[in-house]
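Data first, discussion second: the structure below is written as structure tokens.
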Amino acid sequence: MNDNDSPLDHRLARMKFRAWHRGTREADYMFGCFFDARHVQWDEAALDWFERLLEEDDVDVMAWALGTQPVPPAFEGPEMDAMRRLDYVNIPR
């Protein structure tokens with residue numbers, strides 16, 4: 001980051017760091033790959049949604065994405081639908 005970066009640049013950098021540093025490799029891939037694949041198309045509402053999602057427990061979010069637990073109404077919608085597809089996860093070999 002430098003002084004010429006916008007507030008949006010700082011916000012995205014913070015979200016990217018938090019998405020890729022969850023504490024487990026599985027959560028890092030789910031959150032981090034999702035962020036990398038989708039953030040460029042997010043509007044303000046989607047950015048807010050993802051920031052709120054980052055506050056949730058990894059185990060809960062992974063259960064929602066995998067369909068083993070119901071998604072709370074606050075997180076339902078097109079972004080969770082996209083997260084549930086899991087087509088954004090690219091695990092390096």
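How things are named: the first chain in the structure tokens is A, the next is B, and so on; residues count from 1 in each chain; ligands count from 1 in the order shown.
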
Next on the checklist: Could you list, as a ChimeraX atom specification, every residue within 10 Å of segment 44-51 of chain A, counting only C-alpha atoms and ignoring same-chain residues fewer than 5 positions away?
Outcome noted: /A:8,11-12,14-15,18-19,31,34-35,38-39,56,74-80

File dump, residues just selected, N, CA, C and O atoms, as a PDB file, in the first residue's frame:
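Saved to result_12.pdb:
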```pdb
ATOM      1  N   LEU A   8     -10.946   2.470  -1.082  1.00  0.00           N
ATOM      2  CA  LEU A   8     -11.390   1.173  -1.589  1.00  0.00           C
ATOM      3  C   LEU A   8     -10.221   0.205  -1.703  1.00  0.00           C
ATOM      4  O   LEU A   8     -10.348  -0.975  -1.340  1.00  0.00           O
ATOM      5  N   ARG A  11      -9.516  -1.034   1.724  1.00  0.00           N
ATOM      6  CA  ARG A  11     -10.584  -1.950   2.142  1.00  0.00           C
ATOM      7  C   ARG A  11     -10.401  -3.321   1.511  1.00  0.00           C
ATOM      8  O   ARG A  11     -10.508  -4.354   2.179  1.00  0.00           O
ATOM      9  N   LEU A  12     -10.130  -3.343   0.213  1.00  0.00           N
ATOM     10  CA  LEU A  12      -9.935  -4.616  -0.484  1.00  0.00           C
ATOM     11  C   LEU A  12      -8.697  -5.347   0.017  1.00  0.00           C
ATOM     12  O   LEU A  12      -8.718  -6.572   0.176  1.00  0.00           O
ATOM     13  N   ARG A  14      -7.421  -5.197   2.980  1.00  0.00           N
ATOM     14  CA  ARG A  14      -7.762  -5.727   4.304  1.00  0.00           C
ATOM     15  C   ARG A  14      -8.613  -6.991   4.173  1.00  0.00           C
ATOM     16  O   ARG A  14      -8.376  -7.993   4.844  1.00  0.00           O
ATOM     17  N   MET A  15      -9.610  -6.936   3.287  1.00  0.00           N
ATOM     18  CA  MET A  15     -10.465  -8.108   3.080  1.00  0.00           C
ATOM     19  C   MET A  15      -9.672  -9.279   2.517  1.00  0.00           C
ATOM     20  O   MET A  15      -9.863 -10.419   2.945  1.00  0.00           O
ATOM     21  N   ARG A  18      -7.616 -10.854   5.285  1.00  0.00           N
ATOM     22  CA  ARG A  18      -8.477 -11.616   6.204  1.00  0.00           C
ATOM     23  C   ARG A  18      -9.021 -12.877   5.542  1.00  0.00           C
ATOM     24  O   ARG A  18      -9.203 -13.899   6.206  1.00  0.00           O
ATOM     25  N   ALA A  19      -9.283 -12.825   4.245  1.00  0.00           N
ATOM     26  CA  ALA A  19      -9.798 -13.997   3.533  1.00  0.00           C
ATOM     27  C   ALA A  19      -8.745 -15.094   3.421  1.00  0.00           C
ATOM     28  O   ALA A  19      -9.066 -16.277   3.499  1.00  0.00           O
ATOM     29  N   PHE A  31     -12.421 -19.004   1.564  1.00  0.00           N
ATOM     30  CA  PHE A  31     -12.584 -17.553   1.631  1.00  0.00           C
ATOM     31  C   PHE A  31     -11.677 -16.837   0.628  1.00  0.00           C
ATOM     32  O   PHE A  31     -12.108 -15.926  -0.071  1.00  0.00           O
ATOM     33  N   PHE A  34     -12.562 -17.464  -3.077  1.00  0.00           N
ATOM     34  CA  PHE A  34     -13.824 -16.769  -3.346  1.00  0.00           C
ATOM     35  C   PHE A  34     -13.569 -15.282  -3.527  1.00  0.00           C
ATOM     36  O   PHE A  34     -14.047 -14.670  -4.486  1.00  0.00           O
ATOM     37  N   PHE A  35     -12.816 -14.692  -2.625  1.00  0.00           N
ATOM     38  CA  PHE A  35     -12.480 -13.270  -2.745  1.00  0.00           C
ATOM     39  C   PHE A  35     -11.775 -13.001  -4.074  1.00  0.00           C
ATOM     40  O   PHE A  35     -12.163 -12.103  -4.814  1.00  0.00           O
ATOM     41  N   ARG A  38     -14.137 -13.216  -7.142  1.00  0.00           N
ATOM     42  CA  ARG A  38     -15.363 -12.435  -7.236  1.00  0.00           C
ATOM     43  C   ARG A  38     -15.242 -10.955  -6.900  1.00  0.00           C
ATOM     44  O   ARG A  38     -16.104 -10.175  -7.312  1.00  0.00           O
ATOM     45  N   HIS A  39     -14.217 -10.527  -6.194  1.00  0.00           N
ATOM     46  CA  HIS A  39     -14.230  -9.165  -5.656  1.00  0.00           C
ATOM     47  C   HIS A  39     -14.270  -8.068  -6.709  1.00  0.00           C
ATOM     48  O   HIS A  39     -14.804  -6.995  -6.451  1.00  0.00           O
ATOM     49  N   GLU A  56     -17.857 -14.022  10.681  1.00  0.00           N
ATOM     50  CA  GLU A  56     -18.477 -15.264  11.121  1.00  0.00           C
ATOM     51  C   GLU A  56     -17.422 -16.351  11.352  1.00  0.00           C
ATOM     52  O   GLU A  56     -16.318 -16.281  10.814  1.00  0.00           O
ATOM     53  N   ALA A  74     -29.565 -13.426   6.756  1.00  0.00           N
ATOM     54  CA  ALA A  74     -28.673 -12.280   6.511  1.00  0.00           C
ATOM     55  C   ALA A  74     -27.608 -12.582   5.464  1.00  0.00           C
ATOM     56  O   ALA A  74     -27.025 -11.664   4.886  1.00  0.00           O
ATOM     57  N   PHE A  75     -27.343 -13.867   5.214  1.00  0.00           N
ATOM     58  CA  PHE A  75     -26.292 -14.228   4.264  1.00  0.00           C
ATOM     59  C   PHE A  75     -26.824 -14.897   3.001  1.00  0.00           C
ATOM     60  O   PHE A  75     -26.049 -15.249   2.115  1.00  0.00           O
ATOM     61  N   GLU A  76     -28.139 -15.095   2.914  1.00  0.00           N
ATOM     62  CA  GLU A  76     -28.727 -15.672   1.708  1.00  0.00           C
ATOM     63  C   GLU A  76     -28.614 -14.682   0.556  1.00  0.00           C
ATOM     64  O   GLU A  76     -28.543 -13.481   0.765  1.00  0.00           O
ATOM     65  N   GLY A  77     -28.605 -15.200  -0.652  1.00  0.00           N
ATOM     66  CA  GLY A  77     -28.590 -14.335  -1.821  1.00  0.00           C
ATOM     67  C   GLY A  77     -27.594 -14.809  -2.854  1.00  0.00           C
ATOM     68  O   GLY A  77     -27.011 -15.895  -2.738  1.00  0.00           O
ATOM     69  N   PRO A  78     -27.371 -13.980  -3.871  1.00  0.00           N
ATOM     70  CA  PRO A  78     -26.530 -14.401  -5.002  1.00  0.00           C
ATOM     71  C   PRO A  78     -25.075 -14.689  -4.624  1.00  0.00           C
ATOM     72  O   PRO A  78     -24.460 -15.584  -5.213  1.00  0.00           O
ATOM     73  N   GLU A  79     -24.516 -13.977  -3.661  1.00  0.00           N
ATOM     74  CA  GLU A  79     -23.121 -14.244  -3.298  1.00  0.00           C
ATOM     75  C   GLU A  79     -22.997 -15.590  -2.585  1.00  0.00           C
ATOM     76  O   GLU A  79     -22.060 -16.349  -2.839  1.00  0.00           O
ATOM     77  N   MET A  80     -23.928 -15.902  -1.698  1.00  0.00           N
ATOM     78  CA  MET A  80     -23.879 -17.210  -1.041  1.00  0.00           C
ATOM     79  C   MET A  80     -24.155 -18.307  -2.060  1.00  0.00           C
ATOM     80  O   MET A  80     -23.535 -19.377  -2.005  1.00  0.00           O
TER      81      MET A  80
END
```

Checklist entry - Mind checking DSSP for segment 2-92 of chain A and telling me the alpha helix (DSSP H) residues as a PyMOL selection string? => result chain A and resi 7-20+25-38+44-54+58-66+78-85

Item to check | Nearest residue to Ala82 of chain A from the set A:Asp5, A:Ala37, A:Ala63, A:Pro70 (distances using only C-alpha atoms) | outcome: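 The closest residue to Ala82 of chain A is A:Ala37.
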
Next on the checklist: Just the number, please: distance in Å from atom CA of Leu53 of chain A to atom CA of Ser6 of chain A, one decimal.
Outcome noted: 22.8 Å

Checklist entry - Just how far from atom CA of Val89 of chain A is atom CA of Trp42 of chain A, in Å to one decimal? => result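 Answer for the atom CA of Trp42 of chain A to atom CA of Val89 of chain A separation: 18.0 Å.
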